[in-house]
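Undergrad: Structure file model32.txt (compact mmCIF, C-alpha atoms and all ligand atoms) right here:
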```txt
# COMPACT_ATOMS: atom_id res chain seq x y z
CA MET A 14 51.25 108.49 111.19
CA GLY A 15 53.39 107.92 114.25
CA ILE A 16 52.16 107.48 117.81
CA LEU A 17 52.94 111.10 118.73
CA ASP A 18 50.31 112.30 116.23
CA TYR A 19 47.77 110.63 118.53
CA ARG A 20 49.14 112.01 121.77
CA HIS A 21 46.27 114.46 122.21
CA LYS A 22 43.68 111.70 121.70
CA ILE A 23 45.55 109.34 124.03
CA ASN A 24 45.51 112.04 126.71
CA LYS A 25 41.77 112.42 126.27
CA TYR A 26 41.21 108.70 126.87
CA LEU A 27 43.60 108.68 129.83
CA ARG A 28 41.99 111.70 131.49
CA LYS A 29 38.64 109.95 131.48
CA ALA A 30 39.95 106.63 132.83
CA SER A 31 40.40 105.60 136.45
CA THR A 32 41.26 101.94 135.87
CA VAL A 33 43.29 100.65 132.96
CA PHE A 34 43.75 97.05 131.81
CA ILE A 35 46.74 96.39 129.56
CA VAL A 36 46.59 93.32 127.38
CA ALA A 37 48.82 92.04 124.57
CA HIS A 38 48.60 88.98 122.33
CA GLN A 39 48.59 85.58 123.98
CA ASP A 40 51.93 83.77 124.09
CA LEU A 41 53.67 86.94 125.21
CA ASP A 42 57.02 87.76 123.69
CA LEU A 43 59.50 90.38 124.87
CA ASP A 44 58.00 93.08 122.62
CA ALA A 45 54.46 92.46 123.91
CA LEU A 46 55.71 92.36 127.49
CA GLY A 47 58.20 95.22 127.06
CA SER A 48 55.57 97.56 125.64
CA SER A 49 53.16 96.43 128.38
CA VAL A 50 55.53 97.30 131.24
CA GLY A 51 56.41 100.59 129.55
CA MET A 52 52.73 101.47 129.30
CA TYR A 53 52.20 100.31 132.89
CA GLU A 54 54.85 102.69 134.13
CA LEU A 55 53.38 105.57 132.12
CA LEU A 56 49.95 104.90 133.67
CA ILE A 57 51.34 104.68 137.20
CA HIS A 58 53.03 108.02 136.51
CA LYS A 59 49.58 109.32 135.55
CA ARG A 60 48.20 107.92 138.83
CA LYS A 61 45.91 105.33 137.27
CA LYS A 62 44.92 102.03 138.80
CA CYS A 63 46.50 99.62 136.40
CA PHE A 64 46.63 95.88 135.63
CA LEU A 65 48.47 93.70 133.18
CA VAL A 66 46.18 90.95 131.89
CA THR A 67 47.45 87.56 130.69
CA ASN A 68 46.33 83.93 130.80
CA ASP A 69 49.61 82.44 129.58
CA LYS A 70 50.66 79.35 131.53
CA LYS A 71 53.85 78.44 129.68
CA ASN A 72 56.23 81.21 128.66
CA GLU A 73 59.36 81.43 126.60
CA LEU A 74 62.58 81.75 128.58
CA GLY A 75 63.05 85.54 128.31
CA VAL A 76 59.41 86.25 129.19
CA GLU A 77 59.66 83.95 132.20
CA LYS A 78 62.75 85.84 133.41
CA VAL A 79 61.04 89.21 132.99
CA LEU A 80 57.87 88.08 134.77
CA SER A 81 59.87 86.98 137.79
CA LEU A 82 61.84 90.28 137.78
CA ILE A 83 58.71 92.48 137.71
CA LYS A 84 56.37 90.43 139.93
CA ASP A 85 56.60 92.86 142.88
CA GLN A 86 56.20 95.98 140.74
CA VAL A 87 53.42 95.06 138.34
CA GLU A 88 49.97 93.74 139.18
CA ILE A 89 49.29 90.83 136.86
CA ILE A 90 45.80 89.31 136.65
CA SER A 91 43.98 86.76 134.46
CA THR A 92 41.05 87.66 132.19
CA GLN A 93 38.79 85.97 134.79
CA GLN A 94 39.90 88.49 137.41
CA VAL A 95 39.18 91.54 135.25
CA LYS A 96 35.50 91.64 136.28
CA ASP A 97 36.36 91.97 139.98
CA ASN A 98 38.62 94.93 139.34
CA LEU A 99 36.41 97.03 137.07
CA ASP A 100 35.38 100.53 138.06
CA LYS A 101 31.61 100.51 138.71
CA ASN A 102 31.25 103.27 136.17
CA ASN A 103 32.17 101.42 132.96
CA ASN A 104 33.03 104.69 131.26
CA LYS A 105 36.01 104.98 133.59
CA ASN A 106 37.48 101.64 132.54
CA LEU A 107 39.98 101.55 129.71
CA LEU A 108 41.43 98.59 127.80
CA ILE A 109 44.81 99.14 126.15
CA ILE A 110 45.71 96.49 123.58
CA LEU A 111 49.36 96.21 122.62
CA ASP A 112 51.35 94.45 119.90
CA THR A 113 48.28 93.03 118.15
CA ASN A 114 45.13 94.40 116.55
CA LYS A 115 43.28 91.09 116.10
CA PRO A 116 40.63 90.07 118.65
CA PHE A 117 41.34 86.34 118.21
CA LEU A 118 44.95 86.82 119.32
CA LEU A 119 43.88 88.25 122.68
CA PRO A 120 43.75 85.96 125.74
CA SER A 121 39.98 86.51 125.64
CA GLU A 122 37.85 88.32 123.08
CA ASP A 123 35.27 89.00 125.82
CA LEU A 124 37.48 91.79 127.16
CA LEU A 125 36.33 93.90 124.21
CA LYS A 126 32.71 93.44 125.26
CA LEU A 127 33.40 93.94 128.94
CA ILE A 128 35.17 97.29 128.53
CA ASP A 129 33.79 99.89 126.11
CA ASN A 130 36.80 102.19 125.80
CA HIS A 131 39.72 100.75 123.83
CA ILE A 132 43.07 101.95 122.62
CA VAL A 133 45.03 99.70 120.24
CA ILE A 134 48.76 100.40 119.83
CA ASP A 135 50.48 98.12 117.36
CA HIS A 136 52.99 97.82 114.52
CA HIS A 137 51.29 94.99 112.58
CA ASP A 138 49.18 95.43 109.45
CA GLU A 139 45.40 95.65 109.74
CA ASN A 140 42.91 93.49 107.87
CA GLN A 141 39.15 92.80 107.92
CA GLN A 142 39.47 90.99 111.24
CA SER A 143 41.18 93.89 113.01
CA ILE A 144 39.57 95.67 115.96
CA LYS A 145 37.66 98.65 114.63
CA ASP A 146 36.21 100.36 117.74
CA GLY A 147 38.10 102.85 119.80
CA LEU A 148 41.34 104.68 119.25
CA ILE A 149 43.39 102.62 116.79
CA ILE A 150 47.06 103.54 116.52
CA ILE A 151 48.89 101.41 113.98
CA ASP A 152 52.36 102.33 112.79
CA THR A 153 53.67 99.66 110.44
CA ASN A 154 56.88 101.65 110.02
CA ALA A 155 57.71 101.17 113.69
CA SER A 156 60.11 98.33 114.42
CA SER A 157 58.18 97.21 117.48
CA THR A 158 55.46 98.20 119.89
CA SER A 159 58.22 98.80 122.46
CA GLU A 160 59.63 101.46 120.13
CA MET A 161 56.20 103.15 119.90
CA ILE A 162 55.70 103.13 123.67
CA THR A 163 59.22 104.44 124.26
CA GLU A 164 58.51 107.32 121.87
CA LEU A 165 55.41 108.11 123.88
CA ILE A 166 57.28 107.91 127.20
CA ALA A 167 60.02 110.17 125.79
CA SER A 168 57.40 112.74 124.77
CA TYR A 169 56.20 113.00 128.39
CA ASN A 170 59.79 113.57 129.43
CA MET A 171 59.14 110.82 131.88
CA LYS A 172 61.78 108.62 133.44
CA THR A 173 61.33 104.86 133.49
CA ASN A 174 63.30 102.80 135.96
CA GLU A 175 66.38 100.92 134.79
CA LEU A 176 64.69 97.53 134.80
CA PHE A 177 61.69 98.68 132.75
CA SER A 178 64.00 100.50 130.33
CA THR A 179 66.01 97.31 129.89
CA ILE A 180 62.82 95.31 129.22
CA LEU A 181 61.62 97.87 126.64
CA LEU A 182 65.02 97.74 124.94
CA SER A 183 64.87 93.95 124.84
CA GLY A 184 61.51 94.23 123.02
CA ILE A 185 63.16 96.42 120.37
CA VAL A 186 66.19 94.13 120.08
CA LEU A 187 63.92 91.08 119.71
CA ASP A 188 61.64 92.49 117.02
CA THR A 189 64.49 94.00 114.98
CA ASN A 190 66.54 90.82 115.38
CA ASN A 191 69.43 92.88 116.79
CA PHE A 192 68.80 96.09 114.82
CA ILE A 193 68.62 94.32 111.45
CA LEU A 194 64.92 94.38 110.54
CA LYS A 195 62.82 97.55 110.18
CA THR A 196 65.44 99.60 111.97
CA THR A 197 65.04 103.35 111.44
CA ALA A 198 66.36 106.55 112.98
CA LYS A 199 63.48 106.30 115.45
CA THR A 200 64.60 102.82 116.48
CA TYR A 201 68.08 104.11 117.28
CA PHE A 202 66.64 107.18 119.00
CA THR A 203 64.47 105.07 121.29
CA ALA A 204 67.37 102.69 121.98
CA TYR A 205 69.51 105.74 122.85
CA TYR A 206 66.76 107.17 125.04
CA LEU A 207 66.35 103.92 126.95
CA THR A 208 70.10 103.43 127.36
CA ASN A 209 70.28 106.96 128.72
CA LEU A 210 67.65 106.03 131.31
CA GLY A 211 69.81 103.14 132.41
CA ALA A 212 68.76 100.28 130.13
CA ASP A 213 71.59 97.77 130.24
CA PRO A 214 72.43 96.17 126.85
CA ARG A 215 74.32 93.40 128.65
CA LYS A 216 71.17 92.52 130.64
CA VAL A 217 69.24 92.53 127.36
CA GLN A 218 71.66 89.86 126.11
CA TYR A 219 70.90 87.84 129.26
CA LEU A 220 67.14 88.18 128.69
CA LEU A 221 67.54 87.03 125.09
CA LYS A 222 69.79 84.10 125.95
CA GLN A 223 68.49 80.92 124.42
CA ASP A 224 68.07 77.41 125.64
CA LEU A 225 70.91 75.30 124.22
CA LYS A 226 68.79 72.15 123.79
CA GLN A 227 66.16 74.07 121.81
CA TYR A 228 68.92 75.63 119.70
CA ILE A 229 70.24 72.18 118.82
CA GLU A 230 66.70 71.06 117.93
CA ARG A 231 66.37 74.04 115.59
CA GLN A 232 69.66 73.20 113.86
CA LYS A 233 68.11 69.89 112.72
CA THR A 234 65.82 71.89 110.48
CA ILE A 235 68.33 74.58 109.48
CA THR A 236 70.85 72.02 108.16
CA ASP A 237 68.26 70.77 105.65
CA VAL A 238 67.49 74.19 104.16
CA LYS A 239 66.85 74.44 100.43
CA ILE A 240 67.46 77.58 98.41
CA ILE A 241 64.88 78.21 95.74
CA TYR A 242 65.00 80.90 93.03
CA LYS A 243 68.51 81.74 94.31
CA ASN A 244 67.28 84.03 97.12
CA ILE A 245 64.50 82.26 99.01
CA ALA A 246 65.40 79.92 101.87
CA LEU A 247 62.92 77.13 102.59
CA ALA A 248 63.43 74.89 105.61
CA VAL A 249 61.13 71.98 106.27
CA SER A 250 61.33 70.25 109.62
CA PRO A 251 61.23 66.47 110.03
CA PRO A 252 57.69 65.32 110.97
CA THR A 253 59.09 63.67 114.12
CA ILE A 254 59.88 67.05 115.75
CA THR A 255 57.19 69.25 117.30
CA TYR A 256 58.40 72.81 117.60
CA ARG A 257 57.05 75.77 119.53
CA ARG A 258 55.79 78.54 117.25
CA GLU A 259 58.63 80.82 118.27
CA ASP A 260 61.17 78.16 117.23
CA LEU A 261 59.92 78.34 113.66
CA ALA A 262 60.20 82.14 113.82
CA LYS A 263 63.76 81.90 115.16
CA ILE A 264 64.77 79.52 112.38
CA ALA A 265 63.32 81.97 109.84
CA ASP A 266 65.22 84.83 111.54
CA THR A 267 68.48 82.89 111.34
CA LEU A 268 68.07 82.03 107.66
CA LEU A 269 67.64 85.70 106.81
CA LEU A 270 71.19 86.39 108.03
CA PHE A 271 72.82 84.65 105.08
CA ASN A 272 74.21 86.14 101.91
CA GLU A 273 71.74 86.59 99.05
CA ILE A 274 68.75 85.43 101.09
CA GLU A 275 65.86 87.87 100.60
CA CYS A 276 63.25 85.87 102.49
CA SER A 277 62.89 82.67 104.44
CA PHE A 278 60.10 80.19 105.05
CA VAL A 279 60.04 77.49 107.71
CA ILE A 280 57.47 74.72 107.85
CA GLY A 281 57.10 72.55 110.92
CA LYS A 282 54.72 70.70 113.18
CA ILE A 283 53.62 72.88 116.15
CA ALA A 284 50.96 70.61 117.67
CA LYS A 285 49.52 67.14 117.09
CA ASN A 286 47.39 68.11 114.09
CA THR A 287 48.78 71.57 113.41
CA ILE A 288 51.49 72.69 111.04
CA GLY A 289 52.97 76.16 111.23
CA ILE A 290 54.75 78.30 108.68
CA SER A 291 56.92 81.19 109.72
CA ALA A 292 58.32 83.65 107.19
CA ARG A 293 60.74 86.57 107.29
CA SER A 294 61.69 89.01 104.55
CA MET A 295 64.21 91.80 104.07
CA GLY A 296 61.25 93.79 102.70
CA ASN A 297 61.63 93.20 98.96
CA ILE A 298 59.42 90.12 98.69
CA ALA A 299 55.84 90.45 99.99
CA ILE A 300 55.72 87.29 102.10
CA GLN A 301 52.27 88.10 103.51
CA ASN A 302 50.83 87.78 99.98
CA ILE A 303 52.44 84.35 99.70
CA LEU A 304 50.98 83.14 103.02
CA GLU A 305 47.51 84.71 102.74
CA PRO A 306 46.18 82.04 100.33
CA LEU A 307 47.30 79.48 102.94
CA GLY A 308 45.22 81.21 105.61
CA GLY A 309 48.10 83.19 107.05
CA GLY A 310 48.88 86.85 107.44
CA GLY A 311 51.40 89.40 108.58
CA ASP A 312 53.34 92.11 106.85
CA THR A 313 56.20 92.42 104.37
CA TYR A 314 58.82 91.61 106.99
CA ASN A 315 57.13 89.10 109.18
CA ALA A 316 54.35 86.64 108.35
CA ALA A 317 52.99 83.33 109.60
CA ALA A 318 50.31 80.73 108.97
CA LYS A 319 48.79 77.88 110.95
CA ILE A 320 47.17 74.94 109.17
CA GLU A 321 45.13 72.18 110.84
CA ASN A 322 44.82 68.58 109.68
CA SER A 323 47.28 68.57 106.83
CA SER A 324 50.70 67.09 106.20
CA ILE A 325 54.11 68.73 106.01
CA ASP A 326 54.61 67.42 102.44
CA LYS A 327 51.31 68.85 101.31
CA ILE A 328 52.00 72.25 102.90
CA GLU A 329 55.43 72.32 101.29
CA ARG A 330 53.87 71.73 97.85
CA LEU A 331 51.21 74.42 98.42
CA LEU A 332 53.77 76.90 99.67
CA LYS A 333 56.11 76.33 96.72
CA LYS A 334 53.19 76.88 94.38
CA GLN A 335 52.31 80.20 96.07
CA ILE A 336 55.95 81.28 95.98
CA SER A 337 56.13 80.61 92.24
CA LEU A 338 52.87 82.52 91.69
CA GLN A 339 53.66 85.56 93.81
CA ARG A 340 57.40 85.92 93.55
CA THR A 341 58.57 89.12 91.96
CA ASP A 342 61.51 88.76 89.61
CA LYS A 343 62.90 92.17 90.45
CA ILE A 344 65.30 90.97 93.10
MN MN B 1 55.97 93.16 118.17
```
Spell out the structure here as structure tokens.
Ligand SMILES: [Mn+2]
TA:
Amino acid sequence: MGILDYRHKINKYLRKASTVFIVAHQDLDLDALGSSVGMYELLIHKRKKCFLVTNDKKNELGVEKVLSLIKDQVEIISTQQVKDNLDKNNNKNLLIILDTNKPFLLPSEDLLKLIDNHIVIDHHDENQQSIKDGLIIIDTNASSTSEMITELIASYNMKTNELFSTILLSGIVLDTNNFILKTTAKTYFTAYYLTNLGADPRKVQYLLKQDLKQYIERQKTITDVKIIYKNIALAVSPPTITYRREDLAKIADTLLLFNEIECSFVIGKIAKNTIGISARSMGNIAIQNILEPLGGGGDTYNAAAKIENSSIDKIERLLKKQISLQRTDKI
């Protein structure tokens, strides 16, 4: 079901609420932030008191740019400050969770206890750990949460300002890797809708501009890529480099661009005792099934795992074993 099938229920929650707290996963990316500002504008339009909640201290480049662009238009608070801003009648408070459905990915799980009414809007798969209470709207066919929120905004015939439209569009461009992954008619419709409202594709390119030094660091891992079973790219980073999680994801994105590659895996150190794996798939190989035995998760297109106290060599062996066990020979 798409988000518009829940419009009636969303309205019911919104009618009851006076104060709304929007929260996405920690380590915001442009989809989490894009969908958040889109939702923020919708709520302002509905005359709600509204806050964006984050505890992130360090942000990726694009997120940092967006935060400085919106700082006068959006009220951003930390999870600590939520208590001071609650409506005295807890029934009038509403928590809207975007771009994740897992409590442990929120900046603080306590938010779920503090506020009884929840709406979750997300495009990631659910599992046993997912949030169960409240109105849960998951559309795994949507390219991005920004696409879902834009659909909702479009259904209210509401106008968003040019800046917010541009930020929403950048969320769609990020999650589809430039309209490659999970791109459907709805994705193009929402991109059209936002462009019509004044979203500027050139500004999106500026928001998505990368840091050259980080790009060069990523190349060190890309140049060592191995191709296994003819269509799976596996890149293992040197143990001397510590990457940010999003770097591993970007390497995996890049590897998917090449001829015959159906899916990509990238292994690299992301903290002193932590190794990350990031995986991307064109949709024909179920990468989440390959990473689940390693403690990871995700969906067919996009999956990741985080392993503490192990070595890159060991993780590479384990991953290769899972790939050989789970790989389908249909491709
Ligand atoms: Mn997303």
Undergrad: Could you name the residues that touch range 81-92 of chain A at 12 Å or less, counting all atoms listed in the file, but leaving out those on the same chain fewer than 4 positions away, as a PyMOL selection string?
TA: chain A and resi 33-37+39+46-47+49-54+56-57+62-70+72+74-77+96-99+108+119-125+127-128+174-177+179-180+216+220
Undergrad: Give me a file of those residues, with C-alpha atoms, as a short mmCIF file (atom, residue, chain, number, x, y, z; two decimals), in the frame of the given file.
TA:
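Final output, result37.cif:
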```cif
data_model
loop_
_atom_site.label_atom_id
_atom_site.label_comp_id
_atom_site.auth_asym_id
_atom_site.auth_seq_id
_atom_site.Cartn_x
_atom_site.Cartn_y
_atom_site.Cartn_z
CA VAL A 33 43.29 100.65 132.96
CA PHE A 34 43.75 97.05 131.81
CA ILE A 35 46.74 96.39 129.56
CA VAL A 36 46.59 93.32 127.38
CA ALA A 37 48.82 92.04 124.57
CA GLN A 39 48.59 85.58 123.98
CA LEU A 46 55.71 92.36 127.49
CA GLY A 47 58.20 95.22 127.06
CA SER A 49 53.16 96.43 128.38
CA VAL A 50 55.53 97.30 131.24
CA GLY A 51 56.41 100.59 129.55
CA MET A 52 52.73 101.47 129.30
CA TYR A 53 52.20 100.31 132.89
CA GLU A 54 54.85 102.69 134.13
CA LEU A 56 49.95 104.90 133.67
CA ILE A 57 51.34 104.68 137.20
CA LYS A 62 44.92 102.03 138.80
CA CYS A 63 46.50 99.62 136.40
CA PHE A 64 46.63 95.88 135.63
CA LEU A 65 48.47 93.70 133.18
CA VAL A 66 46.18 90.95 131.89
CA THR A 67 47.45 87.56 130.69
CA ASN A 68 46.33 83.93 130.80
CA ASP A 69 49.61 82.44 129.58
CA LYS A 70 50.66 79.35 131.53
CA ASN A 72 56.23 81.21 128.66
CA LEU A 74 62.58 81.75 128.58
CA GLY A 75 63.05 85.54 128.31
CA VAL A 76 59.41 86.25 129.19
CA GLU A 77 59.66 83.95 132.20
CA LYS A 96 35.50 91.64 136.28
CA ASP A 97 36.36 91.97 139.98
CA ASN A 98 38.62 94.93 139.34
CA LEU A 99 36.41 97.03 137.07
CA LEU A 108 41.43 98.59 127.80
CA LEU A 119 43.88 88.25 122.68
CA PRO A 120 43.75 85.96 125.74
CA SER A 121 39.98 86.51 125.64
CA GLU A 122 37.85 88.32 123.08
CA ASP A 123 35.27 89.00 125.82
CA LEU A 124 37.48 91.79 127.16
CA LEU A 125 36.33 93.90 124.21
CA LEU A 127 33.40 93.94 128.94
CA ILE A 128 35.17 97.29 128.53
CA ASN A 174 63.30 102.80 135.96
CA GLU A 175 66.38 100.92 134.79
CA LEU A 176 64.69 97.53 134.80
CA PHE A 177 61.69 98.68 132.75
CA THR A 179 66.01 97.31 129.89
CA ILE A 180 62.82 95.31 129.22
CA LYS A 216 71.17 92.52 130.64
CA LEU A 220 67.14 88.18 128.69
#
```
Undergrad: Please give me, as a PDB file with C-alpha atoms, keeping the file's coordinate frame, the residues lying within 7 Å of ligand MN 1 (chain B) when counting all atoms listed in the file.
TA:
```pdb
ATOM      1  CA  ASP A  44      58.000  93.080 122.620  1.00  0.00           C
ATOM      2  CA  ALA A  45      54.460  92.460 123.910  1.00  0.00           C
ATOM      3  CA  ASP A 112      51.350  94.450 119.900  1.00  0.00           C
ATOM      4  CA  HIS A 136      52.990  97.820 114.520  1.00  0.00           C
ATOM      5  CA  SER A 157      58.180  97.210 117.480  1.00  0.00           C
ATOM      6  CA  THR A 158      55.460  98.200 119.890  1.00  0.00           C
ATOM      7  CA  ASP A 188      61.640  92.490 117.020  1.00  0.00           C
TER       8      ASP A 188
END
```
Undergrad: Please provide as an NGL selection string all residues within 10 Å of range 311-325 of chain A, with the sequence filter that same-chain residues fewer than 2 positions apart are discarded (counting only C-alpha atoms).
TA: :A and (136-140 or 153 or 188 or 194-195 or 249-252 or 258 or 261-262 or 265-266 or 276-309 or 327-331)
Undergrad: Just give me the residues with any atom within 12 Å of (58.4, 110.3, 116.5), file coordinates, counting all atoms listed in the file, written as a list of chain:residue names.
TA: A:Met14, A:Gly15, A:Ile16, A:Leu17, A:Asp18, A:Tyr19, A:Arg20, A:Asp152, A:Asn154, A:Ala155, A:Glu160, A:Met161, A:Ile162, A:Thr163, A:Glu164, A:Leu165, A:Ile166, A:Ala167, A:Ser168, A:Thr197, A:Ala198, A:Lys199, A:Thr200, A:Tyr201, A:Phe202, A:Thr203
Undergrad: How many Å separate CA of Lys172 in chain A from CA of Lys222 in chain A?
TA: 26.9 Å
Undergrad: In Å, with one decimal, what is the gap from CA of Lys78 in chain A to CA of Leu182 in chain A?
TA: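 Rounded to one decimal, the two atoms are 14.8 Å apart.
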Undergrad: Neighbours of range 229-245 of chain A within 7 Å (all atoms listed in the file; same-chain residues fewer than 6 positions away dropped), as a PyMOL selection string?
TA: chain A and resi 260+264+273-277
Undergrad: So the first atom is CA of Val186 in chain A and the second is CA of Tyr169 in chain A; what is the distance between them in Å, to one decimal place?
TA: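 Taking CA of Val186 in chain A and CA of Tyr169 in chain A, their separation equals 22.9 Å.
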Undergrad: With distances taken over all atoms listed in the file, which of A:Asn272, A:Gln93, A:Asn191, A:Thr267 is nearest to Pro214 in chain A?
TA: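 Comparing A:Asn272, A:Gln93, A:Asn191, A:Thr267 against Pro214 in chain A, the winner is A:Asn191.
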Undergrad: Let me make sure I understand: among A:Leu41, A:Ala212, A:Ile149, A:Leu27, which one has the smallest atom-to-atom distance to Leu55 in chain A if we use all atoms listed in the file?
TA: A:Leu27
Undergrad: Quick one: 4 Å padding each side, axis-aligned, all listed atoms of range 43-46 of chain A - centre and edge lengths in Å to one decimal, as lines of an AutoDock Vina configuration file?
TA:
```
center_x = 57.0
center_y = 91.7
center_z = 125.1
size_x = 13.0
size_y = 10.7
size_z = 12.9
```
Undergrad: Point out the residue among A:Tyr206, A:Lys25, A:Gly310, A:Lys226 with the least atom-to-atom distance to Gln142 in chain A, counting only C-alpha atoms.
TA: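 That would be A:Gly310, the residue with the smallest distance to Gln142 in chain A.
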